[in-house]
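The file entry03.txt contains compact mmCIF, C-alpha atoms and all ligand atoms:
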# COMPACT_ATOMS: atom_id res chain seq x y z
CA MET M 1370 21.39 99.10 106.39
CA SER M 1371 22.73 102.35 105.00
CA GLY M 1372 25.75 103.68 103.14
CA LYS M 1373 27.63 102.22 100.19
CA GLU M 1374 31.24 103.24 99.94
CA THR M 1375 34.15 101.71 101.77
CA ARG M 1376 36.15 104.91 101.95
CA SER M 1377 38.62 105.18 104.78
CA GLY M 1378 37.54 106.97 107.96
CA ARG M 1379 33.83 106.71 107.38
CA VAL M 1380 31.13 104.59 108.87
CA VAL M 1381 29.83 102.82 105.83
CA ARG M 1382 27.27 100.49 107.33
CA THR M 1383 24.89 100.76 110.24
CA LEU M 1384 22.75 97.91 111.39
CA LYS M 1385 20.51 97.58 114.38
CA VAL M 1386 20.19 94.87 116.98
CA ASP M 1387 16.48 94.93 117.64
CA LEU M 1388 15.68 94.37 121.30
CA GLY M 1389 12.92 96.87 122.05
CA ASP M 1390 14.11 99.61 124.41
CA ARG M 1391 17.53 97.92 124.60
CA SER M 1392 18.14 98.08 120.85
CA TYR M 1393 21.53 99.31 119.74
CA PRO M 1394 23.44 100.13 116.56
CA VAL M 1395 26.42 98.28 115.10
CA GLU M 1396 28.52 100.80 113.15
CA LEU M 1397 30.95 99.39 110.59
CA GLY M 1398 33.70 101.29 108.82
CA VAL M 1399 37.37 101.40 107.79
CA ASP M 1400 39.80 103.44 109.93
CA THR M 1401 36.97 104.96 111.95
CA LEU M 1402 38.48 104.67 115.41
CA ALA M 1403 39.05 108.42 115.64
CA GLY M 1404 35.29 108.91 115.29
CA ALA M 1405 34.38 106.55 118.12
CA GLY M 1406 34.45 109.15 120.90
CA LYS M 1407 31.75 111.29 119.31
CA ALA M 1408 29.51 108.29 118.72
CA ILE M 1409 30.03 107.08 122.28
CA ALA M 1410 29.19 110.54 123.63
CA ARG M 1411 25.88 110.42 121.78
CA CYS M 1412 24.76 107.20 123.46
CA ALA M 1413 26.52 107.49 126.82
CA PRO M 1414 27.06 111.14 127.78
CA SER M 1415 29.20 111.47 130.90
CA SER M 1416 32.22 113.34 132.22
CA ARG M 1417 34.38 110.20 132.38
CA ALA M 1418 34.97 107.13 130.25
CA PHE M 1419 36.57 103.87 131.35
CA VAL M 1420 38.54 101.97 128.70
CA VAL M 1421 39.54 98.32 129.17
CA THR M 1422 42.10 96.77 126.82
CA VAL M 1423 45.10 94.39 126.48
CA PRO M 1424 48.74 95.24 125.64
CA PRO M 1425 48.83 94.19 121.94
CA VAL M 1426 45.72 96.26 121.23
CA SER M 1427 46.49 99.13 123.57
CA ARG M 1428 49.89 99.64 121.98
CA ARG M 1429 48.36 100.19 118.57
CA TYR M 1430 44.93 101.64 119.13
CA SER M 1431 44.25 103.04 122.57
CA GLY M 1432 46.02 106.32 121.76
CA VAL M 1433 43.60 107.10 118.92
CA LEU M 1434 40.56 105.96 120.90
CA GLN M 1435 41.52 107.90 124.03
CA ARG M 1436 42.17 111.03 122.01
CA SER M 1437 38.77 110.79 120.37
CA LEU M 1438 37.10 110.31 123.76
CA ARG M 1439 38.91 113.37 125.11
CA VAL M 1440 37.87 115.44 122.12
CA ALA M 1441 34.30 114.32 122.82
CA GLY M 1442 34.61 115.72 126.35
CA TYR M 1443 35.52 112.70 128.48
CA ARG M 1444 38.18 112.33 131.10
CA VAL M 1445 39.60 108.95 130.18
CA HIS M 1446 40.72 106.18 132.53
CA ARG M 1447 42.39 103.24 130.89
CA VAL M 1448 43.01 99.83 132.41
CA ILE M 1449 45.24 97.30 130.67
CA VAL M 1450 44.65 93.68 131.63
CA PRO M 1451 47.15 90.93 130.76
CA ASP M 1452 46.51 89.33 127.38
CA GLY M 1453 44.98 85.88 127.03
CA ASP M 1454 41.77 84.14 128.02
CA ALA M 1455 43.23 83.36 131.47
CA SER M 1456 42.56 87.03 132.33
CA LYS M 1457 38.83 86.52 131.99
CA ASN M 1458 38.61 85.63 135.68
CA PRO M 1459 37.01 86.89 138.92
CA ARG M 1460 40.29 88.40 140.11
CA GLN M 1461 40.61 90.65 137.06
CA LEU M 1462 36.91 91.47 137.34
CA SER M 1463 37.38 92.54 140.93
CA LYS M 1464 40.39 94.65 139.90
CA LEU M 1465 38.18 96.43 137.37
CA TRP M 1466 35.60 97.16 140.08
CA ASP M 1467 38.41 98.61 142.23
CA GLU M 1468 39.61 100.79 139.37
CA LEU M 1469 36.08 101.96 138.61
CA ILE M 1470 35.64 103.06 142.21
CA ARG M 1471 39.11 104.60 142.33
CA CYS M 1472 38.49 106.79 139.29
CA GLY M 1473 35.10 107.89 140.57
CA ALA M 1474 32.98 106.14 137.97
CA ASP M 1475 29.26 106.74 138.47
CA ARG M 1476 26.08 105.37 136.89
CA SER M 1477 26.65 107.34 133.71
CA THR M 1478 30.29 106.32 133.13
CA PRO M 1479 30.63 104.19 130.01
CA VAL M 1480 32.86 101.12 130.14
CA VAL M 1481 34.50 100.78 126.72
CA ALA M 1482 35.92 97.38 125.73
CA LEU M 1483 38.75 97.79 123.20
CA GLY M 1484 39.97 94.37 122.06
CA GLY M 1485 38.87 90.87 121.25
CA GLY M 1486 36.17 88.75 122.82
CA MET M 1487 38.15 88.23 125.99
CA VAL M 1488 38.18 91.96 126.77
CA GLY M 1489 34.55 92.30 125.69
CA ASP M 1490 33.34 89.53 127.98
CA LEU M 1491 35.37 90.72 130.98
CA ALA M 1492 34.71 94.45 130.62
CA GLY M 1493 31.08 93.69 129.77
CA PHE M 1494 30.60 91.79 132.98
CA ALA M 1495 32.25 94.61 134.92
CA ALA M 1496 29.82 97.05 133.25
CA ALA M 1497 26.86 94.77 133.98
CA SER M 1498 27.70 94.42 137.65
CA TYR M 1499 29.26 97.73 138.73
CA LEU M 1500 26.51 99.82 140.40
CA ARG M 1501 24.06 97.25 138.98
CA GLY M 1502 24.94 98.32 135.48
CA VAL M 1503 26.67 101.19 133.72
CA PRO M 1504 26.67 101.93 129.95
CA PHE M 1505 28.72 99.44 127.98
CA ILE M 1506 30.39 100.05 124.60
CA GLN M 1507 32.04 97.43 122.43
CA VAL M 1508 34.99 98.35 120.21
CA PRO M 1509 35.92 94.88 118.92
CA THR M 1510 39.29 94.40 117.23
CA THR M 1511 39.17 90.72 116.20
CA ILE M 1512 36.95 89.24 113.52
CA LEU M 1513 35.49 86.87 116.07
CA ALA M 1514 34.59 89.69 118.41
CA MET M 1515 33.17 91.81 115.55
CA VAL M 1516 30.74 89.23 114.24
CA ASP M 1517 30.09 87.17 117.33
CA ALA M 1518 31.21 88.13 120.85
CA SER M 1519 30.34 91.85 120.71
CA ILE M 1520 26.78 91.26 119.54
CA GLY M 1521 24.15 89.60 121.66
CA GLY M 1522 24.93 90.70 125.19
CA LYS M 1523 26.51 87.60 126.67
CA VAL M 1524 29.22 88.65 129.12
CA ALA M 1525 31.09 86.36 131.49
CA VAL M 1526 34.24 85.29 133.29
CA ASN M 1527 35.74 81.81 133.53
CA LEU M 1528 36.13 79.79 136.73
CA PRO M 1529 38.72 77.07 137.35
CA GLN M 1530 35.81 74.62 136.94
CA GLY M 1531 34.93 75.79 133.45
CA LYS M 1532 34.61 78.57 130.91
CA ASN M 1533 31.97 81.30 131.12
CA LEU M 1534 30.42 79.86 134.28
CA VAL M 1535 29.60 83.25 135.82
CA GLY M 1536 28.08 85.95 133.68
CA ALA M 1537 25.03 87.87 132.57
CA PHE M 1538 22.99 88.95 129.61
CA TYR M 1539 23.90 92.62 129.30
CA GLN M 1540 23.53 94.46 126.01
CA PRO M 1541 25.96 97.17 124.92
CA ARG M 1542 24.74 100.65 123.91
CA LEU M 1543 26.88 100.65 120.79
CA VAL M 1544 29.17 98.34 118.82
CA TRP M 1545 31.83 100.34 116.97
CA ILE M 1546 33.65 98.25 114.36
CA ASP M 1547 36.75 99.66 112.69
CA THR M 1548 37.97 97.01 110.26
CA GLY M 1549 41.26 98.90 109.92
CA THR M 1550 42.27 97.38 113.25
CA LEU M 1551 42.24 93.92 111.66
CA ARG M 1552 45.42 94.64 109.68
CA SER M 1553 47.49 93.85 112.75
CA LEU M 1554 45.53 90.75 113.72
CA PRO M 1555 47.68 87.60 113.45
CA VAL M 1556 46.70 85.45 110.45
CA ARG M 1557 45.69 82.49 112.59
CA GLU M 1558 43.30 84.68 114.60
CA ARG M 1559 41.95 86.03 111.33
CA ALA M 1560 41.15 82.55 110.04
CA ALA M 1561 39.60 81.55 113.36
CA GLY M 1562 37.23 84.51 113.06
CA PHE M 1563 36.24 83.47 109.56
CA ALA M 1564 35.29 80.06 110.95
CA GLU M 1565 32.44 81.74 112.86
CA ILE M 1566 31.39 83.51 109.66
CA ILE M 1567 31.33 80.18 107.78
CA LYS M 1568 29.20 78.88 110.64
CA SER M 1569 26.67 81.71 110.35
CA ALA M 1570 26.39 81.15 106.62
CA ALA M 1571 26.07 77.38 107.00
CA ILE M 1572 23.18 77.56 109.46
CA TRP M 1573 21.32 80.53 108.01
CA ASP M 1574 22.09 81.75 104.51
CA ALA M 1575 23.05 79.56 101.54
CA ALA M 1576 23.63 82.55 99.24
CA PHE M 1577 26.03 84.03 101.78
CA PHE M 1578 27.88 80.70 101.91
CA GLU M 1579 28.24 80.81 98.12
CA ARG M 1580 29.64 84.33 98.41
CA LEU M 1581 32.24 83.07 100.87
CA GLU M 1582 33.10 80.32 98.39
CA ARG M 1583 33.69 82.97 95.72
CA GLU M 1584 35.67 85.35 97.92
CA ALA M 1585 37.68 83.33 100.44
CA GLU M 1586 41.14 84.52 99.38
CA ARG M 1587 40.13 88.17 99.06
CA LEU M 1588 38.57 87.97 102.50
CA MET M 1589 41.73 86.54 104.03
CA ASP M 1590 43.54 89.51 102.43
CA LEU M 1591 41.06 91.84 104.16
CA ASP M 1592 40.04 93.48 100.88
CA PRO M 1593 37.50 96.05 102.17
CA LYS M 1594 35.27 95.67 99.10
CA VAL M 1595 34.37 92.15 100.13
CA LEU M 1596 35.26 92.28 103.82
CA ILE M 1597 32.79 94.98 104.85
CA PRO M 1598 29.71 93.36 103.26
CA THR M 1599 30.79 90.01 104.71
CA LEU M 1600 31.20 91.32 108.24
CA GLU M 1601 27.93 93.17 107.82
CA ARG M 1602 26.04 90.05 106.80
CA ALA M 1603 27.61 87.98 109.59
CA CYS M 1604 26.72 90.66 112.17
CA ALA M 1605 23.21 90.86 110.76
CA ILE M 1606 22.71 87.12 111.10
CA LYS M 1607 23.87 87.18 114.71
CA ALA M 1608 21.68 90.23 115.38
CA GLU M 1609 18.68 88.57 113.78
CA VAL M 1610 19.05 85.35 115.77
CA VAL M 1611 19.63 87.23 119.03
CA SER M 1612 16.66 89.54 118.43
CA GLN M 1613 14.41 86.52 118.06
CA ASP M 1614 15.86 84.63 121.03
CA GLU M 1615 17.86 86.84 123.39
CA ARG M 1616 18.16 84.29 126.19
CA GLU M 1617 18.91 81.18 124.20
CA ALA M 1618 15.57 79.42 124.58
CA GLY M 1619 15.78 77.79 121.16
CA LEU M 1620 16.84 79.50 117.98
CA ARG M 1621 20.07 80.88 119.44
CA GLN M 1622 21.24 77.30 119.97
CA LEU M 1623 21.73 77.01 116.23
CA LEU M 1624 24.71 79.35 116.66
CA ASN M 1625 26.33 76.44 118.49
CA PHE M 1626 26.79 74.60 115.21
CA GLY M 1627 30.25 73.03 115.36
CA HIS M 1628 30.63 74.04 119.00
CA THR M 1629 29.77 70.79 120.79
CA VAL M 1630 32.77 68.96 119.37
CA GLY M 1631 34.67 72.27 119.15
CA HIS M 1632 34.43 72.76 122.92
CA ALA M 1633 35.56 69.17 123.50
CA ILE M 1634 38.60 69.78 121.28
CA GLU M 1635 39.49 72.98 123.15
CA LYS M 1636 39.09 71.27 126.48
CA LEU M 1637 41.21 68.24 125.59
CA GLY M 1638 43.89 70.63 124.32
CA ARG M 1639 43.68 72.43 127.70
CA TYR M 1640 42.84 75.60 125.77
CA ARG M 1641 46.40 75.73 124.46
CA GLY M 1642 45.87 73.65 121.34
CA LEU M 1643 43.57 74.84 118.58
CA LEU M 1644 42.07 78.33 118.78
CA HIS M 1645 38.34 78.47 119.40
CA GLY M 1646 37.48 79.15 115.76
CA GLU M 1647 39.84 76.42 114.57
CA ALA M 1648 38.19 73.92 116.91
CA VAL M 1649 34.78 75.07 115.68
CA ALA M 1650 35.90 74.48 112.08
CA VAL M 1651 36.67 70.85 112.88
CA GLY M 1652 33.46 70.58 114.89
CA MET M 1653 31.41 71.88 111.95
CA LEU M 1654 32.91 69.26 109.71
CA ILE M 1655 32.00 66.49 112.12
CA ALA M 1656 28.49 67.86 112.55
CA ALA M 1657 28.07 68.16 108.78
CA ARG M 1658 29.22 64.57 108.25
CA LYS M 1659 26.77 63.47 110.92
CA SER M 1660 24.01 65.42 109.17
CA GLU M 1661 24.75 63.50 105.98
CA GLU M 1662 24.90 60.19 107.82
CA LEU M 1663 21.47 60.88 109.34
CA GLY M 1664 20.12 61.58 105.88
CA LEU M 1665 19.32 65.18 106.79
CA SER M 1666 21.84 66.85 104.52
CA PRO M 1667 22.57 66.06 100.88
CA ALA M 1668 25.84 64.27 100.15
CA GLY M 1669 28.66 66.77 99.58
CA THR M 1670 27.57 69.23 102.29
CA ALA M 1671 30.47 68.34 104.58
CA GLU M 1672 32.92 68.48 101.68
CA ARG M 1673 31.83 72.01 100.83
CA ILE M 1674 32.47 73.10 104.41
CA ARG M 1675 35.82 71.31 104.46
CA SER M 1676 37.11 72.84 101.26
CA LEU M 1677 35.95 76.33 102.21
CA ALA M 1678 37.53 76.08 105.67
CA LEU M 1679 40.78 74.85 104.10
CA ARG M 1680 40.97 77.93 101.90
CA PHE M 1681 40.99 80.05 105.07
CA GLY M 1682 43.80 77.89 106.40
CA LEU M 1683 41.57 76.24 108.99
CA PRO M 1684 42.23 72.69 110.21
CA SER M 1685 39.99 69.78 109.26
CA GLU M 1686 41.37 66.91 111.33
CA LEU M 1687 40.20 65.96 114.79
CA PRO M 1688 43.22 66.36 117.14
CA ASN M 1689 44.60 63.03 118.20
CA HIS M 1690 43.04 62.20 121.58
CA PRO M 1691 41.52 58.82 122.51
CA ARG M 1692 37.85 58.35 121.64
CA ASN M 1693 37.10 57.87 125.34
CA ALA M 1694 38.56 61.25 126.16
CA TYR M 1695 36.30 62.83 123.54
CA LEU M 1696 33.29 60.97 124.93
CA ALA M 1697 34.07 62.17 128.46
CA ALA M 1698 34.56 65.75 127.26
CA LEU M 1699 31.25 65.65 125.38
CA LYS M 1700 29.44 64.37 128.45
CA VAL M 1701 30.09 67.50 130.43
CA ASP M 1702 28.99 69.83 127.66
CA LYS M 1703 26.65 72.23 129.39
CA LYS M 1704 24.13 72.07 126.59
CA MET M 1705 23.42 68.45 127.45
CA SER M 1706 20.10 67.36 128.88
CA ASP M 1707 19.02 63.78 129.83
CA SER M 1708 22.30 62.27 128.63
CA LYS M 1709 21.58 63.51 125.13
CA ILE M 1710 23.21 66.48 123.53
CA ARG M 1711 21.09 68.93 121.60
CA PHE M 1712 23.30 68.58 118.60
CA VAL M 1713 23.09 71.13 115.81
CA VAL M 1714 22.84 69.49 112.39
CA LEU M 1715 22.38 70.90 108.90
CA ARG M 1716 19.51 70.38 106.53
CA GLY M 1717 21.85 71.27 103.71
CA ILE M 1718 23.83 74.51 103.53
CA GLY M 1719 21.82 77.42 104.96
CA ARG M 1720 19.42 75.53 107.23
CA ALA M 1721 20.01 74.04 110.67
CA GLU M 1722 18.12 72.29 113.43
CA THR M 1723 18.90 70.41 116.60
CA VAL M 1724 18.58 66.67 117.18
CA PRO M 1725 19.09 64.84 120.48
CA LEU M 1726 22.15 62.61 120.25
CA THR M 1727 24.31 60.74 122.74
CA PRO M 1728 28.05 61.54 122.75
CA ARG M 1729 28.67 58.14 121.14
CA GLU M 1730 26.28 58.95 118.30
CA VAL M 1731 27.92 62.35 117.81
CA LEU M 1732 31.27 60.71 117.17
CA SER M 1733 30.11 57.68 115.22
CA ALA M 1734 30.89 59.27 111.87
CA SER M 1735 34.37 60.43 112.89
CA ARG M 1736 37.72 58.83 112.98
CA CYS M 1737 39.47 58.93 116.33
CA ARG M 1738 41.43 56.44 118.36
N1 LIG A 1801 29.98 86.88 124.46
C1 LIG A 1801 29.84 86.07 123.43
O1 LIG A 1801 28.75 85.90 122.89
C2 LIG A 1801 31.05 85.36 122.93
C3 LIG A 1801 31.00 84.69 121.70
C4 LIG A 1801 32.16 84.08 121.22
C5 LIG A 1801 33.32 84.14 121.99
N2 LIG A 1801 33.33 84.78 123.18
C6 LIG A 1801 34.56 84.87 123.99
O2 LIG A 1801 35.51 85.62 123.24
C7 LIG A 1801 36.81 85.20 123.61
C8 LIG A 1801 37.60 84.95 122.36
O3 LIG A 1801 37.67 86.13 121.62
P1 LIG A 1801 38.84 86.42 120.58
O4 LIG A 1801 38.95 85.28 119.65
O5 LIG A 1801 38.60 87.77 120.04
O6 LIG A 1801 40.15 86.32 121.48
P2 LIG A 1801 41.00 87.40 122.30
O7 LIG A 1801 40.19 88.50 122.79
O8 LIG A 1801 41.78 86.63 123.29
O9 LIG A 1801 41.98 87.96 121.16
C9 LIG A 1801 42.85 87.08 120.48
C10 LIG A 1801 44.27 87.65 120.41
O10 LIG A 1801 44.33 88.68 119.45
C11 LIG A 1801 44.93 89.85 120.01
N3 LIG A 1801 44.34 90.97 119.31
C12 LIG A 1801 43.06 91.40 119.40
N4 LIG A 1801 42.84 92.36 118.49
C13 LIG A 1801 44.00 92.56 117.85
C14 LIG A 1801 44.40 93.42 116.80
N5 LIG A 1801 43.52 94.20 116.18
N6 LIG A 1801 45.68 93.37 116.38
C15 LIG A 1801 46.56 92.51 116.95
N7 LIG A 1801 46.24 91.66 117.93
C16 LIG A 1801 44.98 91.69 118.36
C17 LIG A 1801 44.63 89.74 121.45
O11 LIG A 1801 45.51 90.52 122.20
C18 LIG A 1801 44.78 88.24 121.69
O12 LIG A 1801 46.11 87.91 121.85
C19 LIG A 1801 36.64 83.99 124.50
O13 LIG A 1801 36.79 84.40 125.84
C20 LIG A 1801 35.22 83.57 124.25
O14 LIG A 1801 34.65 82.90 125.36
C21 LIG A 1801 32.22 85.40 123.65
ZN ZN A 1802 32.19 80.33 118.80

Whole structure given in structure tokens:
Amino acid sequence: MSGKETRSGRVVRTLKVDLGDRSYPVELGVDTLAGAGKAIARCAPSSRAFVVTVPPVSRRYSGVLQRSLRVAGYRVHRVIVPDGDASKNPRQLSKLWDELIRCGADRSTPVVALGGGMVGDLAGFAAASYLRGVPFIQVPTTILAMVDASIGGKVAVNLPQGKNLVGAFYQPRLVWIDTGTLRSLPVRERAAGFAEIIKSAAIWDAAFFERLEREAERLMDLDPKVLIPTLERACAIKAEVVSQDEREAGLRQLLNFGHTVGHAIEKLGRYRGLLHGEAVAVGMLIAARKSEELGLSPAGTAERIRSLALRFGLPSELPNHPRNAYLAALKVDKKMSDSKIRFVVLRGIGRAETVPLTPREVLSASRCR
């Protein structure tokens, strides 16, 4: 890590995702978008740059980003895809390939994802596949994308049969985080991003969790003094886990804390109910209660997660679907092997492990119809 201040327009923190010759920096700052072009030119020199974004983000930020790319010597091609996770599909991917060909993109042309995790996953997969891989740059504009989706190299599109079914591991060359972009992020999306930060703290770093407990309200207000170090720590945890287990052989599974039940909630709500982070918040609570029930976590662990999540305005109740529907949704979780789910439990705040559980066992500590 380097840098101390949180002055506007400056990169104040740099951290590295350590993956040998595919290592890359994560640059964090406030109102730094105008500096992105120069940084991109350093790691992906080319005559053209290809920017992928969505309308709500494009409207506010693509002007500044495009200008900075032009100043850095690029001819810029921008593609705006419709907003929403439904755009993360093979048809949009194929449209991006068409556009890349149309604008004459070659092996050196960077694909720049400006937006949330949806844009990052879609543009990232286009970058991974076009000409067998062109440079990929992440400019995340949601909290979730900053601390989670943009780091680690998972890129994918959804199929009608399920989410993220076709994708790749493809690392970006650079992650450029301008926290100034978060000012326009809807409050619910903000909270959903903090759910992933609570998750990282819960599985990995008890002191970080305590910091979140001290600073929840200031974080929701995006006070840079506490926001930057918090994003930095959350990014560092993700980077650390990914560096040790890039392809999800073991350790990386711990990042799925709260996600088994979270995915079931999203699915039963047909992806129009709770946001991903909100569903994960409820899932964490259920997993924490289960951890207590199994005698792995001290009493009070789940309550700490619940009261912290509530302060971010996150939900704590399992949406009202029949127990059987939950059981069925849990059964098709892709992380399931031999009818047992590798369920992430806590050994108290700051330490996690997986235990094999059946869907019925997962839900035994929860109230649902
Ligand atoms: N690759 C990974 O490791 C990974 C990890 C977690 C999630 N994901 C994926 O990420 C996606 C979810 O990401 P997300 O939560 O960022 O959702 P998203 O990209 O759909 O963005 C959420 C909403 O916020 C808007 N938005 C984004 N930035 C904004 C800004 N600065 N101001 C105003 N509005 C803004 C978007 O237009 C959208 O409406 C899912 O597709 C999920 O599968 C991937
Ligand atoms: Zn998640």

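Of the residues listed (M:Gly1406, M:Pro1529, M:Gly1521, M:Gly1627), M:Gly1521 shows the shortest atom-to-atom separation from ligand LIG 1801 (chain A); distances use all atoms listed in the file.
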
Produce a table with one row for each residue of chain M that has an atom at most 8 Å from any atom of ligand ZN 1802 (chain A), each row naming the nearest atom pair and its distance in Å at one decimal; use all atoms listed in the file; arrange rows by chain and rising residue number; format as a tab-separated table.
residue	atom	partner	partner_atom	distance
M:Leu1513	CA	A:ZN1802	ZN	7.8
M:Asp1517	CA	A:ZN1802	ZN	7.3
M:Glu1565	CA	A:ZN1802	ZN	6.1
M:Leu1624	CA	A:ZN1802	ZN	7.8
M:Asn1625	CA	A:ZN1802	ZN	7.0
M:His1628	CA	A:ZN1802	ZN	6.5
M:His1645	CA	A:ZN1802	ZN	6.5
M:Gly1646	CA	A:ZN1802	ZN	6.2
M:Val1649	CA	A:ZN1802	ZN	6.6

Mind dumping the selected residues with C-alpha atoms as a compact mmCIF listing (two decimals), in the frame of the given file?
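Generated output (part14.txt):
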# COMPACT_ATOMS: atom_id res chain seq x y z
CA LEU M 1513 35.49 86.87 116.07
CA ASP M 1517 30.09 87.17 117.33
CA GLU M 1565 32.44 81.74 112.86
CA LEU M 1624 24.71 79.35 116.66
CA ASN M 1625 26.33 76.44 118.49
CA HIS M 1628 30.63 74.04 119.00
CA HIS M 1645 38.34 78.47 119.40
CA GLY M 1646 37.48 79.15 115.76
CA VAL M 1649 34.78 75.07 115.68

Next on the checklist: To check your reading of the model: which residues sit at most 8 Å from ligand LIG 1801 (chain A) when counting all atoms listed in the file? Write the answer as a PyMOL selection string.
Outcome noted: chain M and resi 1423-1426+1429+1452-1454+1457+1484-1490+1509-1514+1517-1526+1532-1533+1550-1555+1558+1561-1562+1644-1646

Next on the checklist: For a test of reading the model, state the distance in Å between atom CA of Ala1656 of chain M and atom CA of Arg1639 of chain M, rounded to one decimal.
Outcome noted: 21.9 Å

With a distance cut-off of 12 Å and all atoms listed in the file, select the neighbouring residues of segment 1501-1506 of chain M, excluding the residue or stretch itself and same-chain residues fewer than 3 positions from it, and output the selection as a PDB file with C-alpha atoms, in the frame of the given file.
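For reference, selection04.pdb as written:
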ATOM      1  CA  ARG M1391      17.530  97.920 124.600  1.00  0.00           C
ATOM      2  CA  TYR M1393      21.530  99.310 119.740  1.00  0.00           C
ATOM      3  CA  PRO M1394      23.440 100.130 116.560  1.00  0.00           C
ATOM      4  CA  VAL M1395      26.420  98.280 115.100  1.00  0.00           C
ATOM      5  CA  GLU M1396      28.520 100.800 113.150  1.00  0.00           C
ATOM      6  CA  ALA M1405      34.380 106.550 118.120  1.00  0.00           C
ATOM      7  CA  GLY M1406      34.450 109.150 120.900  1.00  0.00           C
ATOM      8  CA  ALA M1408      29.510 108.290 118.720  1.00  0.00           C
ATOM      9  CA  ILE M1409      30.030 107.080 122.280  1.00  0.00           C
ATOM     10  CA  ALA M1410      29.190 110.540 123.630  1.00  0.00           C
ATOM     11  CA  ARG M1411      25.880 110.420 121.780  1.00  0.00           C
ATOM     12  CA  CYS M1412      24.760 107.200 123.460  1.00  0.00           C
ATOM     13  CA  ALA M1413      26.520 107.490 126.820  1.00  0.00           C
ATOM     14  CA  PRO M1414      27.060 111.140 127.780  1.00  0.00           C
ATOM     15  CA  SER M1415      29.200 111.470 130.900  1.00  0.00           C
ATOM     16  CA  ARG M1417      34.380 110.200 132.380  1.00  0.00           C
ATOM     17  CA  ALA M1418      34.970 107.130 130.250  1.00  0.00           C
ATOM     18  CA  PHE M1419      36.570 103.870 131.350  1.00  0.00           C
ATOM     19  CA  VAL M1420      38.540 101.970 128.700  1.00  0.00           C
ATOM     20  CA  VAL M1421      39.540  98.320 129.170  1.00  0.00           C
ATOM     21  CA  TRP M1466      35.600  97.160 140.080  1.00  0.00           C
ATOM     22  CA  LEU M1469      36.080 101.960 138.610  1.00  0.00           C
ATOM     23  CA  ALA M1474      32.980 106.140 137.970  1.00  0.00           C
ATOM     24  CA  ASP M1475      29.260 106.740 138.470  1.00  0.00           C
ATOM     25  CA  ARG M1476      26.080 105.370 136.890  1.00  0.00           C
ATOM     26  CA  SER M1477      26.650 107.340 133.710  1.00  0.00           C
ATOM     27  CA  THR M1478      30.290 106.320 133.130  1.00  0.00           C
ATOM     28  CA  PRO M1479      30.630 104.190 130.010  1.00  0.00           C
ATOM     29  CA  VAL M1480      32.860 101.120 130.140  1.00  0.00           C
ATOM     30  CA  VAL M1481      34.500 100.780 126.720  1.00  0.00           C
ATOM     31  CA  ALA M1482      35.920  97.380 125.730  1.00  0.00           C
ATOM     32  CA  LEU M1483      38.750  97.790 123.200  1.00  0.00           C
ATOM     33  CA  GLY M1484      39.970  94.370 122.060  1.00  0.00           C
ATOM     34  CA  VAL M1488      38.180  91.960 126.770  1.00  0.00           C
ATOM     35  CA  GLY M1489      34.550  92.300 125.690  1.00  0.00           C
ATOM     36  CA  ASP M1490      33.340  89.530 127.980  1.00  0.00           C
ATOM     37  CA  LEU M1491      35.370  90.720 130.980  1.00  0.00           C
ATOM     38  CA  ALA M1492      34.710  94.450 130.620  1.00  0.00           C
ATOM     39  CA  GLY M1493      31.080  93.690 129.770  1.00  0.00           C
ATOM     40  CA  PHE M1494      30.600  91.790 132.980  1.00  0.00           C
ATOM     41  CA  ALA M1495      32.250  94.610 134.920  1.00  0.00           C
ATOM     42  CA  ALA M1496      29.820  97.050 133.250  1.00  0.00           C
ATOM     43  CA  ALA M1497      26.860  94.770 133.980  1.00  0.00           C
ATOM     44  CA  SER M1498      27.700  94.420 137.650  1.00  0.00           C
ATOM     45  CA  PRO M1509      35.920  94.880 118.920  1.00  0.00           C
ATOM     46  CA  SER M1519      30.340  91.850 120.710  1.00  0.00           C
ATOM     47  CA  ILE M1520      26.780  91.260 119.540  1.00  0.00           C
ATOM     48  CA  GLY M1522      24.930  90.700 125.190  1.00  0.00           C
ATOM     49  CA  VAL M1524      29.220  88.650 129.120  1.00  0.00           C
ATOM     50  CA  ALA M1537      25.030  87.870 132.570  1.00  0.00           C
ATOM     51  CA  PHE M1538      22.990  88.950 129.610  1.00  0.00           C
ATOM     52  CA  TYR M1539      23.900  92.620 129.300  1.00  0.00           C
ATOM     53  CA  GLN M1540      23.530  94.460 126.010  1.00  0.00           C
ATOM     54  CA  PRO M1541      25.960  97.170 124.920  1.00  0.00           C
ATOM     55  CA  ARG M1542      24.740 100.650 123.910  1.00  0.00           C
ATOM     56  CA  LEU M1543      26.880 100.650 120.790  1.00  0.00           C
ATOM     57  CA  VAL M1544      29.170  98.340 118.820  1.00  0.00           C
ATOM     58  CA  TRP M1545      31.830 100.340 116.970  1.00  0.00           C
ATOM     59  CA  ILE M1546      33.650  98.250 114.360  1.00  0.00           C
TER      60      ILE M1546
END

Next on the checklist: With only C-alpha atoms as the counted atoms, please give the residues lying no more than 12 Å from Glu1584 of chain M, apart from itself and same-chain residues fewer than 6 positions off, as a list in words.
Outcome noted: Phe1563, Ile1567, Phe1577, Phe1578, Asp1590, Leu1591, Asp1592, Pro1593, Lys1594, Val1595, Leu1596, Pro1598, Thr1599, Leu1677, Arg1680 and Phe1681 of chain M

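The shortest atom-to-atom distance to Tyr1499 of chain M, with all atoms listed in the file taken into account, belongs to M:Leu1462 out of M:Ser1666, M:Val1535, M:Leu1462, M:Leu1528.
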
Item to check | Between atom CA of Gln1461 of chain M and atom CA of Thr1401 of chain M, distance in Å (one decimal) | outcome: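 Computing the Euclidean distance for atom CA of Gln1461 of chain M and atom CA of Thr1401 of chain M yields 29.1 Å.
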